[in-house]
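To start, the structure itself, in structure tokens.
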Amino acid sequence: MKLADVLPFRGLFRNTPDESRPSKLLLLLESRAIWELSSLPLAMPWLMARVPRGDGHPVLVLPGLMADDVSTVPLRRFLAARGYDVTGWGQGRNFGPRQGVLGQMRKTLAELHGRTGRKVSVIGWSLGGVYARELAREAPEQVRQVVTLGSPIYGDPNTSSNAWGVYKMVSGKNDVDPGERGEGPPPGVPTTSIFTRTDGIVGWGCCIEKKGPLTDNIEIVGASHSGLGVHPLVLYALGDRLAQPEDGWTHFSPRGLERALYPAGSPDR
């Protein structure tokens with residue numbers, strides 16, 4: 001049995017995807033994100049020793065709802081230190097898909113692809129992951145892979161998210177487009193969803209990607225939604241995903257002692 005399978009919280013959730021709104025207790029526990037951030041300096045020697053150096057390809061990082069590039073600084077600095085050409089989204093605070101937002105992301109993606117001559121890996125945290133999947137659908141020739149962090153890619157946001165009211169208020173929209181809910185197939189590029197069953201913002205089942213040869217789901221036990229972008233186990237998984245050869249992507253399979261830190265198997269849609 002793996003350590004991750006017996007950690008606190010692990011046994012409190014069903015093995016089938018749960019798309020219901022997280023409880024008030026889980027929402028309250030989102031404050032533990034500060035502890036996840038504070039653990040990062042302690043974990044950095046392990047991460048630098050165990051995460052392989054990258055091949056220098058470009059990486060675009062998209063923040064979540066109401067967040068900006070400041071929220072992804074630790075993540076981007078870590079990836080840059082592992083040798084990637086990392087770029088933030090550069091649009092200030094993420095108030096949802098307002099007019100011009102998606103167009104600017106398309107422009108940034110095209111510029112990165114054109115400047116480097118290489119496909120771009122796109123990482124999206126929460127709502128940023130919804131954007132990332134749409135970018136990959138629209139321009140698969142420019143995207144190497146997509147990784148989402150606690151992103152609500154399926155389900156009804158009205159009943160599955162504690163952030164739905166905020167989304168409607170800041171975006172000026174009362175609904176999301178069908179494609180943003182994941183009704184369509186996953187992007188035609190390698191796509192990994194990193195999620196936690198103790199997410200206090202999004203029902204964790206909404207984050208589960210459909211099973212396929214180019215899709216994967218990685219569970220982080222006991223993490224918060226707000227701390228996914230700074231959690232050491234998330235950074236390890238990101239480093240592993242980005243290090244996959246462009247023409248030889250495989251499913252996540254941690255090696256050595258790290259195998260004990262991730263649950264055996266994961267729910268599939």
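By convention in this document, the chains of the structure tokens carry letters A, B, ... by their order, each chain's residues are numbered from 1, and ligands are numbered from 1 in the order they are shown.
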Q | Who sits within 9 Å of Leu27 of chain A, only C-alpha atoms, same chain under 5 positions skipped, as a ChimeraX atom specification | A | /A:22,162,199-201,224
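In the backbone-derived DSSP annotation, alpha helix (DSSP H) within segment 122-206 of chain A comprises Leu127, Gly128, Gly129, Val130, Tyr131, Ala132, Arg133, Glu134, Leu135, Ala136, Arg137, Glu138, Pro157, Asn158, Thr159, Ser160, Trp164, Gly165, Val166, Tyr167, Lys168, Met169, Val170 and Ser171 of chain A.
The coordinates place atom CA of Lys173 of chain A at 23.3 Å from atom CA of Gly205 of chain A.
Relative to atom CA of Ser193 of chain A, atom CA of Met105 of chain A is found at 20.3 Å.
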Q: Calculate how many Å separate atom CA of Val61 of chain A from atom CA of Ser171 of chain A, rounding to one decimal.
A: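 Between atom CA of Val61 of chain A and atom CA of Ser171 of chain A the gap is 20.3 Å.
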Q | All strand (DSSP E) residues (DSSP, backbone) inside segment 26-254 of chain A, as an NGL selection string | A | :A and (58-62 or 85-88 or 120-125 or 143-149 or 191-195 or 215-219)
Contacts of segment 130-242 of chain A with segment 35-39 of chain A up to 9 Å, shortest pair per row, only C-alpha atoms, as JSON lines:
```
{"residue": "A:Ala223", "atom": "CA", "partner": "A:Glu36", "partner_atom": "CA", "distance": 8.0}
{"residue": "A:Ser224", "atom": "CA", "partner": "A:Glu36", "partner_atom": "CA", "distance": 8.4}
{"residue": "A:Gly227", "atom": "CA", "partner": "A:Glu36", "partner_atom": "CA", "distance": 6.0}
{"residue": "A:Leu228", "atom": "CA", "partner": "A:Glu36", "partner_atom": "CA", "distance": 8.3}
{"residue": "A:Gly229", "atom": "CA", "partner": "A:Leu37", "partner_atom": "CA", "distance": 8.8}
{"residue": "A:Val230", "atom": "CA", "partner": "A:Leu37", "partner_atom": "CA", "distance": 5.5}
{"residue": "A:His231", "atom": "CA", "partner": "A:Glu36", "partner_atom": "CA", "distance": 5.6}
{"residue": "A:Pro232", "atom": "CA", "partner": "A:Ser39", "partner_atom": "CA", "distance": 7.6}
```
Can you list every residue of segment 148-259 of chain A that has an atom at most 8 Å from segment 48-59 of chain A, with its nearest atom pair and the distance in Å to one decimal, using only C-alpha atoms, ordered by chain then number, as JSON lines?
```
{"residue": "A:Tyr236", "atom": "CA", "partner": "A:Val51", "partner_atom": "CA", "distance": 6.2}
{"residue": "A:Gly239", "atom": "CA", "partner": "A:Val51", "partner_atom": "CA", "distance": 5.7}
{"residue": "A:Asp240", "atom": "CA", "partner": "A:Val51", "partner_atom": "CA", "distance": 6.6}
{"residue": "A:Leu242", "atom": "CA", "partner": "A:Gly54", "partner_atom": "CA", "distance": 7.1}
{"residue": "A:Ala243", "atom": "CA", "partner": "A:Gly54", "partner_atom": "CA", "distance": 5.5}
```
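Among the candidates A:Leu40, A:Asn174, A:Val146, A:Lys24, the residue lying nearest to Gly96 of chain A is A:Asn174 (atoms considered: only C-alpha atoms).
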Q: Point out the residue among A:Glu219, A:Glu30, A:Glu111, A:Asp18 with the least atom-to-atom distance to Leu60 of chain A, counting only C-alpha atoms.
A: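 Nearest to Leu60 of chain A: A:Glu111.
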Q: Would you list the contacts of Ser161 of chain A as a VMD selection string, taking every protein, DNA or RNA residue within 7 Å and counting only C-alpha atoms, but skipping same-chain residues closer than 2 positions in sequence?
A: chain A and resid 21 157 to 159 163 to 164 201 to 203
Please produce a file of those selected residues containing all heavy atoms, as a PDB file, in the first residue's frame.
```pdb
ATOM      1  N   ARG A  21     -20.836  20.692  -5.305  1.00  0.00           N
ATOM      2  CA  ARG A  21     -20.113  21.825  -4.725  1.00  0.00           C
ATOM      3  C   ARG A  21     -19.408  21.384  -3.443  1.00  0.00           C
ATOM      4  O   ARG A  21     -20.006  20.725  -2.591  1.00  0.00           O
ATOM      5  CB  ARG A  21     -21.090  22.957  -4.434  1.00  0.00           C
ATOM      6  CG  ARG A  21     -20.427  24.206  -3.880  1.00  0.00           C
ATOM      7  CD  ARG A  21     -21.446  25.286  -3.560  1.00  0.00           C
ATOM      8  NE  ARG A  21     -22.056  25.811  -4.778  1.00  0.00           N
ATOM      9  CZ  ARG A  21     -23.326  25.644  -5.119  1.00  0.00           C
ATOM     10  NH1 ARG A  21     -24.136  24.947  -4.324  1.00  0.00           N
ATOM     11  NH2 ARG A  21     -23.797  26.163  -6.237  1.00  0.00           N
ATOM     12  N   PRO A 157     -21.386  24.500 -13.484  1.00  0.00           N
ATOM     13  CA  PRO A 157     -20.735  25.394 -12.519  1.00  0.00           C
ATOM     14  C   PRO A 157     -21.688  25.948 -11.471  1.00  0.00           C
ATOM     15  O   PRO A 157     -21.265  26.319 -10.373  1.00  0.00           O
ATOM     16  CB  PRO A 157     -20.161  26.501 -13.403  1.00  0.00           C
ATOM     17  CG  PRO A 157     -20.982  26.464 -14.654  1.00  0.00           C
ATOM     18  CD  PRO A 157     -21.316  25.025 -14.856  1.00  0.00           C
ATOM     19  N   ASN A 158     -22.974  25.993 -11.784  1.00  0.00           N
ATOM     20  CA  ASN A 158     -23.941  26.531 -10.836  1.00  0.00           C
ATOM     21  C   ASN A 158     -24.097  25.637  -9.602  1.00  0.00           C
ATOM     22  O   ASN A 158     -24.453  26.102  -8.516  1.00  0.00           O
ATOM     23  CB  ASN A 158     -25.297  26.703 -11.512  1.00  0.00           C
ATOM     24  CG  ASN A 158     -26.294  27.433 -10.636  1.00  0.00           C
ATOM     25  OD1 ASN A 158     -25.999  28.481 -10.067  1.00  0.00           O
ATOM     26  ND2 ASN A 158     -27.491  26.868 -10.523  1.00  0.00           N
ATOM     27  N   THR A 159     -23.813  24.345  -9.762  1.00  0.00           N
ATOM     28  CA  THR A 159     -23.986  23.405  -8.652  1.00  0.00           C
ATOM     29  C   THR A 159     -22.679  22.756  -8.208  1.00  0.00           C
ATOM     30  O   THR A 159     -22.684  21.959  -7.267  1.00  0.00           O
ATOM     31  CB  THR A 159     -24.965  22.290  -9.052  1.00  0.00           C
ATOM     32  OG1 THR A 159     -24.456  21.595 -10.211  1.00  0.00           O
ATOM     33  CG2 THR A 159     -26.333  22.861  -9.379  1.00  0.00           C
ATOM     34  N   ALA A 163     -17.050  29.174  -6.494  1.00  0.00           N
ATOM     35  CA  ALA A 163     -16.609  30.435  -7.092  1.00  0.00           C
ATOM     36  C   ALA A 163     -17.556  30.921  -8.186  1.00  0.00           C
ATOM     37  O   ALA A 163     -17.283  31.937  -8.830  1.00  0.00           O
ATOM     38  CB  ALA A 163     -15.199  30.278  -7.672  1.00  0.00           C
ATOM     39  N   TRP A 164     -18.678  30.217  -8.383  1.00  0.00           N
ATOM     40  CA  TRP A 164     -19.564  30.554  -9.500  1.00  0.00           C
ATOM     41  C   TRP A 164     -20.142  31.954  -9.372  1.00  0.00           C
ATOM     42  O   TRP A 164     -20.214  32.705 -10.345  1.00  0.00           O
ATOM     43  CB  TRP A 164     -20.672  29.515  -9.603  1.00  0.00           C
ATOM     44  CG  TRP A 164     -21.660  29.762 -10.706  1.00  0.00           C
ATOM     45  CD1 TRP A 164     -23.004  29.866 -10.600  1.00  0.00           C
ATOM     46  CD2 TRP A 164     -21.368  29.931 -12.097  1.00  0.00           C
ATOM     47  NE1 TRP A 164     -23.585  30.090 -11.819  1.00  0.00           N
ATOM     48  CE2 TRP A 164     -22.596  30.131 -12.764  1.00  0.00           C
ATOM     49  CE3 TRP A 164     -20.195  29.932 -12.845  1.00  0.00           C
ATOM     50  CZ2 TRP A 164     -22.677  30.339 -14.142  1.00  0.00           C
ATOM     51  CZ3 TRP A 164     -20.271  30.140 -14.224  1.00  0.00           C
ATOM     52  CH2 TRP A 164     -21.505  30.336 -14.850  1.00  0.00           C
ATOM     53  N   ILE A 201     -12.908  24.723  -3.629  1.00  0.00           N
ATOM     54  CA  ILE A 201     -13.504  25.669  -4.578  1.00  0.00           C
ATOM     55  C   ILE A 201     -14.321  24.954  -5.641  1.00  0.00           C
ATOM     56  O   ILE A 201     -15.461  25.313  -5.917  1.00  0.00           O
ATOM     57  CB  ILE A 201     -12.409  26.524  -5.252  1.00  0.00           C
ATOM     58  CG1 ILE A 201     -11.556  27.237  -4.208  1.00  0.00           C
ATOM     59  CG2 ILE A 201     -13.042  27.536  -6.200  1.00  0.00           C
ATOM     60  CD1 ILE A 201     -12.309  28.209  -3.335  1.00  0.00           C
ATOM     61  N   VAL A 202     -13.757  23.922  -6.241  1.00  0.00           N
ATOM     62  CA  VAL A 202     -14.380  23.209  -7.358  1.00  0.00           C
ATOM     63  C   VAL A 202     -14.629  21.762  -6.967  1.00  0.00           C
ATOM     64  O   VAL A 202     -13.747  21.114  -6.383  1.00  0.00           O
ATOM     65  CB  VAL A 202     -13.470  23.259  -8.605  1.00  0.00           C
ATOM     66  CG1 VAL A 202     -14.072  22.440  -9.744  1.00  0.00           C
ATOM     67  CG2 VAL A 202     -13.240  24.695  -9.041  1.00  0.00           C
ATOM     68  N   GLY A 203     -15.802  21.240  -7.263  1.00  0.00           N
ATOM     69  CA  GLY A 203     -16.058  19.817  -7.062  1.00  0.00           C
ATOM     70  C   GLY A 203     -15.019  19.008  -7.815  1.00  0.00           C
ATOM     71  O   GLY A 203     -14.878  19.154  -9.037  1.00  0.00           O
TER      72      GLY A 203
END
```
Q.
What's around Thr108 of chain A at 12 Å? Count only C-alpha atoms, leave out sequence neighbours fewer than 3 positions away in its own chain, and write the answer as a list in words.
A. Pro58, Val59, Leu60, Val61, Leu62, Thr87, Gly88, Trp89, Gly90, Gln91, Val101, Leu102, Gly103, Gln104, Met105, Glu111, Leu112, His113, Gly114, Arg115, Val120, Val122, Leu135, Gln142 and Val143 of chain A
(Q) Could you list, as a PyMOL selection string, every residue within 9 Å of Ala67 of chain A, counting only C-alpha atoms and ignoring same-chain residues fewer than 5 positions away? (A) chain A and resi 72+92-95
